[in-house]
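So this one's query-v1.cif, mmCIF, C-alpha atoms:
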```cif
data_structure
loop_
_atom_site.label_atom_id
_atom_site.label_comp_id
_atom_site.auth_asym_id
_atom_site.auth_seq_id
_atom_site.Cartn_x
_atom_site.Cartn_y
_atom_site.Cartn_z
CA MET A 14 38.65 -34.90 15.24
CA SER A 15 40.15 -32.57 17.85
CA ALA A 16 38.95 -29.01 18.28
CA LEU A 17 42.24 -27.71 16.89
CA ASP A 18 42.11 -29.89 13.75
CA PHE A 19 38.46 -29.02 13.13
CA THR A 20 39.13 -25.30 13.49
CA LEU A 21 42.11 -25.38 11.11
CA VAL A 22 40.36 -27.49 8.47
CA VAL A 23 37.23 -25.33 8.54
CA TRP A 24 39.35 -22.15 8.40
CA VAL A 25 41.16 -23.34 5.26
CA VAL A 26 37.91 -24.43 3.57
CA ALA A 27 36.29 -21.08 4.42
CA ALA A 28 39.32 -19.13 3.20
CA VAL A 29 39.26 -20.92 -0.18
CA ALA A 30 35.49 -20.41 -0.40
CA GLY A 31 35.81 -16.72 0.47
CA PHE A 32 38.59 -16.29 -2.09
CA LEU A 33 36.64 -17.95 -4.90
CA GLY A 34 33.45 -16.22 -3.81
CA ALA A 35 35.07 -12.80 -4.07
CA LEU A 36 36.61 -13.57 -7.46
CA THR A 37 33.42 -14.90 -8.99
CA GLY A 38 31.01 -12.61 -7.20
CA LEU A 39 28.95 -15.52 -5.95
CA GLY A 40 29.87 -15.26 -2.27
CA GLY A 41 31.45 -17.88 -0.05
CA GLY A 42 28.44 -19.28 1.78
CA VAL A 43 27.23 -21.50 -1.04
CA VAL A 44 30.40 -23.60 -0.85
CA VAL A 45 30.95 -23.56 2.92
CA VAL A 46 27.60 -25.14 3.79
CA PRO A 47 27.86 -28.26 1.58
CA VAL A 48 31.51 -28.86 2.52
CA LEU A 49 30.71 -28.62 6.24
CA ALA A 50 27.65 -30.84 5.87
CA LEU A 51 28.97 -33.43 3.38
CA VAL A 52 32.68 -33.67 4.14
CA LEU A 53 32.92 -32.80 7.82
CA GLY A 54 29.59 -34.27 8.92
CA VAL A 55 28.40 -31.05 10.56
CA ASP A 56 24.62 -30.78 11.11
CA ILE A 57 23.24 -28.48 8.42
CA LYS A 58 21.75 -26.13 11.05
CA TYR A 59 25.23 -25.32 12.42
CA ALA A 60 26.46 -25.00 8.84
CA ILE A 61 23.80 -22.48 7.76
CA GLY A 62 24.28 -20.53 11.03
CA ALA A 63 28.01 -20.18 10.37
CA SER A 64 27.37 -19.34 6.72
CA LEU A 65 24.92 -16.58 7.64
CA VAL A 66 27.59 -14.95 9.79
CA SER A 67 30.16 -15.11 6.98
CA VAL A 68 27.66 -13.52 4.59
CA ILE A 69 27.36 -10.50 6.89
CA ALA A 70 31.15 -10.29 7.19
CA THR A 71 31.77 -10.16 3.44
CA SER A 72 28.92 -7.75 2.76
CA SER A 73 29.85 -5.25 5.47
CA GLY A 74 33.57 -5.66 4.84
CA ALA A 75 33.27 -4.86 1.15
CA ALA A 76 30.82 -1.98 1.54
CA ALA A 77 33.47 0.74 1.70
CA ALA A 78 35.11 -0.43 -1.53
CA TYR A 79 31.82 -0.65 -3.41
CA VAL A 80 30.66 2.78 -2.28
CA LYS A 81 33.86 4.39 -3.57
CA GLU A 82 33.20 3.03 -7.05
CA GLY A 83 29.97 5.02 -7.06
CA PHE A 84 27.61 2.36 -8.41
CA SER A 85 25.42 1.34 -5.49
CA ASN A 86 22.05 3.03 -5.00
CA ILE A 87 21.08 3.33 -1.34
CA ARG A 88 17.43 4.26 -2.08
CA ILE A 89 16.81 1.20 -4.24
CA GLY A 90 18.57 -0.96 -1.65
CA MET A 91 16.63 0.40 1.29
CA LEU A 92 13.21 0.19 -0.37
CA LEU A 93 13.77 -3.39 -1.51
CA GLU A 94 15.11 -4.33 1.91
CA ILE A 95 11.63 -3.97 3.35
CA ALA A 96 10.78 -7.04 1.28
CA THR A 97 14.04 -8.96 1.83
CA THR A 98 14.08 -8.54 5.62
CA VAL A 99 10.44 -9.59 6.07
CA GLY A 100 11.13 -12.58 3.79
CA ALA A 101 14.28 -13.42 5.76
CA VAL A 102 12.48 -13.48 9.12
CA LEU A 103 9.82 -15.79 7.68
CA GLY A 104 12.49 -17.98 6.07
CA ALA A 105 14.32 -18.26 9.39
CA TYR A 106 11.07 -19.36 11.09
CA LEU A 107 10.52 -21.92 8.33
CA ALA A 108 14.02 -23.37 8.79
CA ALA A 109 13.01 -24.64 12.23
CA PHE A 110 10.05 -26.58 10.85
CA THR A 111 11.87 -27.97 7.84
CA SER A 112 13.68 -31.31 8.12
CA THR A 113 17.42 -31.34 7.40
CA HIS A 114 16.84 -33.59 4.38
CA ILE A 115 14.49 -31.10 2.79
CA LEU A 116 16.88 -28.24 3.61
CA ALA A 117 19.69 -30.17 1.92
CA ILE A 118 17.59 -30.75 -1.20
CA ILE A 119 16.51 -27.10 -1.45
CA PHE A 120 20.12 -26.07 -0.90
CA GLY A 121 21.18 -28.38 -3.70
CA LEU A 122 18.67 -26.82 -6.08
CA VAL A 123 19.92 -23.32 -5.24
CA LEU A 124 23.49 -24.56 -5.82
CA LEU A 125 22.50 -25.87 -9.25
CA GLN A 126 21.23 -22.41 -10.14
CA SER A 127 24.44 -20.76 -8.83
CA GLY A 128 26.58 -23.20 -10.78
CA TRP A 129 24.57 -22.53 -13.91
CA GLN A 130 24.91 -18.79 -13.42
CA SER A 131 28.65 -19.12 -12.94
CA LEU A 132 29.08 -21.12 -16.15
CA ALA A 133 26.64 -19.25 -18.36
CA SER A 134 27.26 -15.80 -16.98
CA SER A 135 27.05 -12.98 -19.41
CA GLU A 136 26.08 -9.43 -18.78
CA PRO A 137 22.58 -8.93 -20.14
CA ASP A 138 22.27 -6.81 -23.23
CA HIS A 139 19.54 -4.36 -22.34
CA GLY A 140 20.77 -0.78 -22.40
CA PRO A 141 19.89 1.39 -19.43
CA ALA A 142 16.35 2.72 -19.47
CA ILE A 143 16.59 6.46 -18.93
CA GLN A 144 13.00 7.06 -17.84
CA SER A 145 11.59 5.57 -14.65
CA ASP A 146 8.00 4.33 -14.58
CA ARG A 147 5.42 6.02 -12.36
CA LEU A 148 5.93 4.11 -9.11
CA ALA A 149 9.71 4.31 -9.42
CA ARG A 150 9.43 8.07 -9.96
CA PHE A 151 7.26 8.31 -6.86
CA PHE A 152 10.00 6.60 -4.83
CA ARG A 153 12.74 8.60 -6.63
CA LEU A 154 14.68 5.42 -7.42
CA GLY A 155 16.46 6.59 -10.56
CA GLY A 156 20.12 7.50 -10.31
CA ASP A 157 23.37 7.73 -12.20
CA TYR A 158 26.66 5.83 -12.36
CA PRO A 159 30.13 6.56 -13.73
CA LEU A 160 30.62 5.70 -17.41
CA LEU A 161 33.65 6.93 -19.37
CA ASP A 162 34.35 10.06 -17.28
CA LYS A 163 30.69 11.05 -17.33
CA ARG A 164 27.71 10.05 -15.25
CA GLN A 165 25.16 7.92 -17.03
CA GLU A 166 21.59 8.36 -15.80
CA TYR A 167 19.25 5.40 -15.48
CA GLY A 168 15.61 4.79 -14.66
CA VAL A 169 13.92 2.02 -12.70
CA HIS A 170 10.87 -0.11 -13.58
CA ASN A 171 8.49 -2.76 -12.21
CA VAL A 172 8.88 -1.97 -8.51
CA PRO A 173 6.10 -4.40 -7.38
CA THR A 174 7.69 -7.32 -9.27
CA GLY A 175 11.06 -6.39 -7.79
CA LEU A 176 9.61 -6.33 -4.28
CA GLY A 177 8.01 -9.75 -4.83
CA LEU A 178 11.24 -11.32 -6.06
CA MET A 179 13.13 -9.71 -3.19
CA PHE A 180 10.72 -11.23 -0.72
CA GLY A 181 11.58 -14.63 -2.23
CA ALA A 182 15.30 -13.86 -2.09
CA GLY A 183 14.95 -12.94 1.59
CA ALA A 184 13.01 -16.10 2.40
CA LEU A 185 15.69 -18.23 0.71
CA SER A 186 18.39 -16.37 2.62
CA GLY A 187 16.64 -16.96 5.96
CA LEU A 188 15.93 -20.60 5.16
CA LEU A 189 19.44 -21.52 4.02
CA GLY A 190 21.76 -18.98 5.64
CA ILE A 191 23.02 -17.70 2.29
CA GLY A 192 23.18 -14.21 0.81
CA SER A 193 21.04 -15.14 -2.21
CA GLY A 194 22.78 -12.38 -4.12
CA ALA A 195 22.06 -14.17 -7.39
CA VAL A 196 18.30 -13.82 -6.97
CA LYS A 197 18.70 -10.20 -5.91
CA VAL A 198 20.69 -9.39 -9.04
CA ILE A 199 18.10 -11.11 -11.23
CA ALA A 200 15.32 -9.10 -9.57
CA MET A 201 17.06 -5.77 -10.10
CA ASP A 202 18.75 -6.38 -13.43
CA ARG A 203 16.10 -8.40 -15.27
CA ALA A 204 12.82 -7.32 -13.67
CA MET A 205 13.55 -3.72 -12.69
CA LYS A 206 15.83 -2.94 -15.67
CA ILE A 207 18.53 -1.52 -13.41
CA PRO A 208 22.04 -1.48 -14.99
CA PHE A 209 24.03 -4.64 -14.21
CA LYS A 210 26.84 -2.95 -12.28
CA VAL A 211 24.38 -0.99 -10.14
CA SER A 212 22.43 -4.21 -9.49
CA THR A 213 25.45 -6.22 -8.33
CA THR A 214 26.85 -3.54 -6.00
CA THR A 215 23.46 -2.66 -4.54
CA SER A 216 22.84 -6.39 -4.03
CA ASN A 217 26.06 -6.62 -2.02
CA PHE A 218 24.83 -3.78 0.18
CA MET A 219 21.52 -5.55 0.72
CA ILE A 220 22.94 -9.01 1.46
CA GLY A 221 24.29 -8.05 4.89
CA VAL A 222 21.07 -6.37 5.99
CA THR A 223 19.00 -9.32 4.77
CA ALA A 224 21.23 -11.76 6.63
CA ALA A 225 21.04 -9.66 9.81
CA ALA A 226 17.26 -10.01 9.66
CA SER A 227 17.49 -13.78 10.17
CA ALA A 228 20.43 -13.56 12.58
CA GLY A 229 18.34 -12.85 15.69
CA VAL A 230 16.12 -15.86 15.02
CA TYR A 231 19.16 -18.05 14.23
CA LEU A 232 20.92 -16.92 17.40
CA SER A 233 17.96 -17.66 19.66
CA ARG A 234 17.58 -21.12 18.11
CA GLY A 235 21.24 -21.98 18.66
CA TYR A 236 22.13 -22.29 14.93
CA ILE A 237 25.08 -19.96 15.46
CA ASP A 238 27.58 -22.07 17.40
CA PRO A 239 30.74 -20.01 17.99
CA ARG A 240 32.99 -23.09 17.72
CA VAL A 241 31.82 -23.61 14.12
CA ALA A 242 31.16 -19.99 13.15
CA MET A 243 34.54 -18.67 14.38
CA PRO A 244 36.76 -20.43 11.81
CA VAL A 245 34.15 -19.88 9.07
CA MET A 246 33.92 -16.14 9.68
CA LEU A 247 37.69 -15.60 10.00
CA GLY A 248 38.43 -17.82 7.01
CA VAL A 249 35.88 -16.28 4.67
CA LEU A 250 37.02 -12.77 5.62
CA ALA A 251 40.69 -13.59 4.97
CA GLY A 252 39.84 -15.28 1.67
CA ALA A 253 37.58 -12.47 0.49
CA PHE A 254 40.21 -9.88 1.40
CA LEU A 255 42.81 -11.72 -0.69
CA GLY A 256 40.27 -12.26 -3.46
CA THR A 257 39.52 -8.57 -3.90
CA ARG A 258 43.30 -7.87 -3.99
CA VAL A 259 44.04 -10.21 -6.88
CA LEU A 260 40.76 -9.58 -8.68
CA VAL A 261 42.40 -7.27 -11.20
CA HIS A 262 44.97 -9.83 -12.31
CA ALA A 263 42.85 -12.96 -12.25
CA ARG A 264 41.56 -14.84 -15.26
CA VAL A 265 38.00 -14.64 -14.08
CA ARG A 266 36.51 -16.58 -16.99
CA THR A 267 38.51 -19.73 -16.22
CA LEU A 268 37.83 -19.38 -12.52
CA ARG A 269 34.11 -19.09 -13.10
CA ILE A 270 34.14 -22.37 -15.00
CA VAL A 271 36.11 -24.15 -12.26
CA PHE A 272 33.84 -22.70 -9.60
CA GLY A 273 30.74 -23.61 -11.59
CA VAL A 274 31.83 -27.24 -11.96
CA VAL A 275 32.65 -27.51 -8.23
CA VAL A 276 29.29 -26.02 -7.32
CA PHE A 277 27.47 -28.40 -9.69
CA ALA A 278 29.19 -31.40 -8.09
CA LEU A 279 28.31 -30.19 -4.59
CA ALA A 280 24.73 -29.55 -5.70
CA ILE A 281 24.21 -33.09 -6.95
CA GLU A 282 25.83 -34.54 -3.83
CA MET A 283 23.58 -32.42 -1.59
CA ILE A 284 20.42 -33.49 -3.43
CA VAL A 285 21.36 -37.19 -3.51
CA ASN A 286 22.32 -37.21 0.18
CA GLY A 287 19.18 -35.30 1.03
CA PHE A 288 17.03 -37.94 -0.67
CA LEU A 289 19.00 -40.76 0.93
CA GLY A 290 18.53 -39.08 4.30
CA LYS A 291 22.29 -38.95 4.91
CA VAL A 292 22.57 -35.19 5.44
CA MET B 208 25.56 16.28 2.50
CA ASP B 209 24.53 14.10 -0.46
CA ASP B 210 23.89 10.36 -0.74
CA ARG B 211 27.41 9.60 -1.97
CA HIS B 212 29.17 11.40 0.86
CA LEU B 213 26.88 9.76 3.40
CA GLU B 214 27.50 6.29 1.97
CA ASN B 215 31.26 6.85 2.09
CA ILE B 216 31.17 7.55 5.81
CA ILE B 217 28.86 4.58 6.42
CA GLY B 218 31.06 2.27 4.35
CA ASN B 219 34.19 3.13 6.33
CA LEU B 220 32.40 2.74 9.67
CA LEU B 221 31.16 -0.68 8.58
CA ARG B 222 34.64 -1.83 7.68
CA ALA B 223 35.90 -0.69 11.09
CA GLY B 224 33.04 -2.60 12.71
CA VAL B 225 33.91 -5.78 10.82
CA LEU B 226 37.58 -5.50 11.78
CA LEU B 227 36.69 -4.96 15.44
CA ALA B 228 34.31 -7.94 15.36
CA ALA B 229 36.98 -10.11 13.71
CA ALA B 230 39.53 -9.08 16.37
CA VAL B 231 37.15 -10.04 19.20
CA VAL B 232 36.22 -13.36 17.53
CA PHE B 233 39.92 -14.06 16.96
CA SER B 234 40.86 -13.41 20.60
CA GLY B 235 37.99 -15.58 21.78
CA GLY B 236 39.10 -18.27 19.32
CA VAL B 237 42.71 -18.20 20.56
CA LEU B 238 41.47 -18.50 24.15
CA TYR B 239 39.15 -21.35 23.16
CA LEU B 240 41.85 -23.32 21.35
CA PHE B 241 44.33 -22.66 24.17
CA ARG B 242 41.94 -24.35 26.59
CA PHE B 243 40.18 -26.97 24.48
CA HIS B 244 42.48 -27.72 21.52
CA ALA B 245 42.72 -31.44 22.32
CA GLN B 246 39.03 -31.92 23.06
CA PRO B 247 37.30 -34.18 20.52
CA VAL B 248 34.46 -32.41 18.71
CA HIS B 249 31.52 -33.68 16.68
CA TYR B 250 28.71 -31.54 15.37
CA GLY B 251 26.74 -34.27 13.63
CA VAL B 252 23.71 -33.95 15.88
CA PHE B 253 22.16 -30.54 16.42
CA ALA B 254 22.00 -29.65 20.13
CA PRO B 255 21.49 -25.93 20.79
CA GLY B 256 23.76 -24.42 23.44
CA GLY B 257 22.71 -22.61 26.59
CA ALA B 258 21.75 -19.00 27.24
CA GLU B 259 25.43 -17.97 27.25
CA VAL B 260 25.53 -18.33 23.45
CA ARG B 261 21.85 -17.84 22.57
CA THR B 262 20.62 -14.70 24.29
CA LEU B 263 22.04 -11.18 24.27
CA PRO B 264 22.20 -10.85 28.10
CA GLY B 265 23.73 -14.33 28.37
CA ILE B 266 26.38 -13.52 25.74
CA PHE B 267 27.26 -10.22 27.43
CA ARG B 268 27.58 -11.90 30.81
CA SER B 269 29.80 -14.77 29.70
CA ALA B 270 31.96 -12.46 27.55
CA MET B 271 32.48 -10.24 30.61
CA HIS B 272 33.65 -13.27 32.56
CA GLY B 273 36.26 -13.96 29.90
CA ASP B 274 34.57 -17.19 28.81
CA SER B 275 35.98 -18.15 25.41
CA LEU B 276 32.65 -19.20 23.86
CA GLY B 277 31.00 -16.03 25.17
CA LEU B 278 33.82 -13.90 23.77
CA MET B 279 33.60 -15.46 20.31
CA GLN B 280 29.83 -15.11 20.33
CA PHE B 281 30.13 -11.48 21.45
CA GLY B 282 32.39 -10.82 18.46
CA LEU B 283 29.83 -12.46 16.15
CA LEU B 284 27.17 -10.27 17.74
CA LEU B 285 29.25 -7.18 16.94
CA LEU B 286 29.36 -8.40 13.36
CA ILE B 287 25.59 -8.91 13.24
CA ALA B 288 25.26 -5.36 14.57
CA THR B 289 27.12 -3.81 11.61
CA PRO B 290 24.24 -3.99 9.11
CA VAL B 291 21.84 -2.86 11.84
CA ALA B 292 24.10 0.15 12.47
CA ARG B 293 24.19 0.75 8.74
CA VAL B 294 20.42 1.03 8.55
CA ALA B 295 20.30 3.21 11.69
CA MET B 296 22.87 5.56 10.13
CA ALA B 297 20.82 5.67 6.95
CA VAL B 298 17.80 6.79 9.01
CA ALA B 299 19.91 9.62 10.44
CA GLY B 300 21.34 10.48 7.04
CA PHE B 301 17.95 10.69 5.34
CA ALA B 302 16.72 12.80 8.26
CA LEU B 303 19.61 15.22 7.67
CA GLU B 304 18.62 15.37 4.01
CA ARG B 305 15.04 16.03 5.16
CA ASP B 306 13.92 13.10 3.04
CA ARG B 307 10.84 12.06 4.98
CA MET B 308 9.82 9.22 2.70
CA TYR B 309 13.16 7.43 3.08
CA VAL B 310 13.32 8.09 6.80
CA VAL B 311 10.10 6.08 7.01
CA VAL B 312 11.39 3.39 4.61
CA SER B 313 14.61 2.88 6.57
CA LEU B 314 12.73 2.96 9.89
CA ILE B 315 10.57 0.05 8.68
CA VAL B 316 13.70 -1.95 7.79
CA LEU B 317 15.23 -1.09 11.18
CA ALA B 318 12.07 -2.24 12.94
CA VAL B 319 12.17 -5.64 11.20
CA LEU B 320 15.85 -6.07 12.17
CA LEU B 321 15.13 -5.19 15.81
CA PHE B 322 12.11 -7.50 15.82
CA SER B 323 14.39 -10.37 14.78
CA LEU B 324 17.00 -9.54 17.42
CA MET B 325 14.29 -9.42 20.09
CA HIS B 326 14.04 -13.21 19.74
CA ALA B 327 17.44 -13.42 21.42
CA THR B 328 16.59 -11.42 24.51
#
```
Would you give me this structure, written as structure tokens?
Amino acid sequence: MSALDFTLVVWVVAAVAGFLGALTGLGGGVVVVPVLALVLGVDIKYAIGASLVSVIATSSGAAAAYVKEGFSNIRIGMLLEIATTVGAVLGAYLAAFTSTHILAIIFGLVLLQSGWQSLASSEPDHGPAIQSDRLARFFRLGGDYPLLDKRQEYGVHNVPTGLGLMFGAGALSGLLGIGSGAVKVIAMDRAMKIPFKVSTTTSNFMIGVTAAASAGVYLSRGYIDPRVAMPVMLGVLAGAFLGTRVLVHARVRTLRIVFGVVVFALAIEMIVNGFLGKV
Amino acid sequence: MDDRHLENIIGNLLRAGVLLAAAVVFSGGVLYLFRFHAQPVHYGVFAPGGAEVRTLPGIFRSAMHGDSLGLMQFGLLLLIATPVARVAMAVAGFALERDRMYVVVSLIVLAVLLFSLMHAT
């Protein structure tokens, strides 16, 4: 394949991934990596390097929009980032000592979870807890978000559990070059009892910072090859930009099912190829 | 200045940073394709590049010389810098709010980010 063909094909794939990622809230990286590795025969280390870059692009690019909505909580994000960034640096170290086959299999397992989440997604039913527990009060993590013209207050719980899960999310992000937003949302929404909308927007804020924590290690190892990362970054950005524009009109439910099925198929392919030693 | 106002400013700066980074990556990409569009590529075997794409001084130098790979990598570096800038601005913002606890919290995060980037020096 010529450099021009490769660039164009990767750009289109990344644009579609960014578009679907923005619509479904799952991010583009999870699709870009398997397509690069399985379809285009790119070594998974180049693929996760390019994906990491695209994760930063979507997170930072969308920050302004999310902030305006008034849901994200910078204190929660910053405190939990201590755990995600340390995890990410360790994950990035681990990536160097992990064989590509194992990386592919772990990636496949994470894809399975993403696909499941896309298909079975439902906003959890717990109402917001108003009171924070002691540690959360100490860190002043509680906040409020807009709800029907008023501001609804909420409290925060189980900070240590949240930090532990965030460390895991960071390690996964550093190991696989993904945002691992799904794990972050689970940590905040399920474990810390933070309202769903606050969890998802704060997670978006954290994803870019987490990814930046592995970026230095990735860069020094040569995982970020500009010839691969360039079309991925530009494609994902263009797709995500379009995705946020049409978000209001889209039939998200149908899209989630399509996306979930695609992700499931990619997951199985990644795992099988990992075991066969083909990736 | 409250949290919300601060975050608004930071959010807009970040978007500007991403657009600038994308513009640099795009120009580097155009230059690269102009020169090497017909070159066959295969990335099936991992072989890390040289200092001009792996270390900060190397990237700066080759970008200055108008090298297409260096220029693209410099744009990607600008992108990587946006979350770092975000955390640095949060340190400043919390300092303005005289919120000592969160100055410390964001300084720890900043330190981890800089530690990671030090690998590429």
ask   = Counting all atoms listed in the file, what is within 8 Å of range 218-226 of chain B, bar same-chain residues fewer than 4 positions away, as a PyMOL selection string?
value = (chain A and resi 70+73-78+80) or (chain B and resi 214+230+285-286+289-290+293)
query = Could you name the residues that touch Gly183 in chain A at 12 Å or less, counting all atoms listed in the file, but leaving out those on the same chain fewer than 5 positions away, as a VMD selection string?
reply = chain A and resid 93 to 105 176 to 178 188 to 197 200 216 219 to 227
task = Could you check which of A:Asn171, A:Thr213, A:Ser127, A:Ser233 is closest to Ala278 in chain A, using all atoms listed in the file?
result = A:Ser127
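Take CA of Tyr250 in chain B and CA of Val241 in chain A: the distance between them is 8.6 Å.
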query = When the PyMOL selection byres ((chain A and resi 18-26) around 7) is applied to the file above, which residues end up in the set, as a ChimeraX atom specification?
reply = /A:14-17,27-30,244-245,247-248
inquiry  = When the PyMOL selection byres ((chain B) within 7 of (chain A)) is applied to the structure above, which residues does it catch, written out as a PyMOL selection string?
reply    = chain B and resi 214-215+218-219+221-222+225+229+232+236+240+243-248+250-253+255-256+261-262+276+279-280+286-287+289-291+312-313+315-316+319-320+323-327
request  = Rank A:Met179, A:Leu160, A:Ile118, A:Val169 by their smallest atom-to-atom distance to Asp146 in chain A, using only C-alpha atoms, and report the top residue only.
outcome  = A:Val169
request  = Measure the distance from CA of Arg269 in chain A to CA of Gly256 in chain A in Å and round it to one decimal.
outcome  = 13.3 Å
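Atom pair CA of Ile115 in chain A / CA of Val68 in chain A: separated by 22.0 Å.
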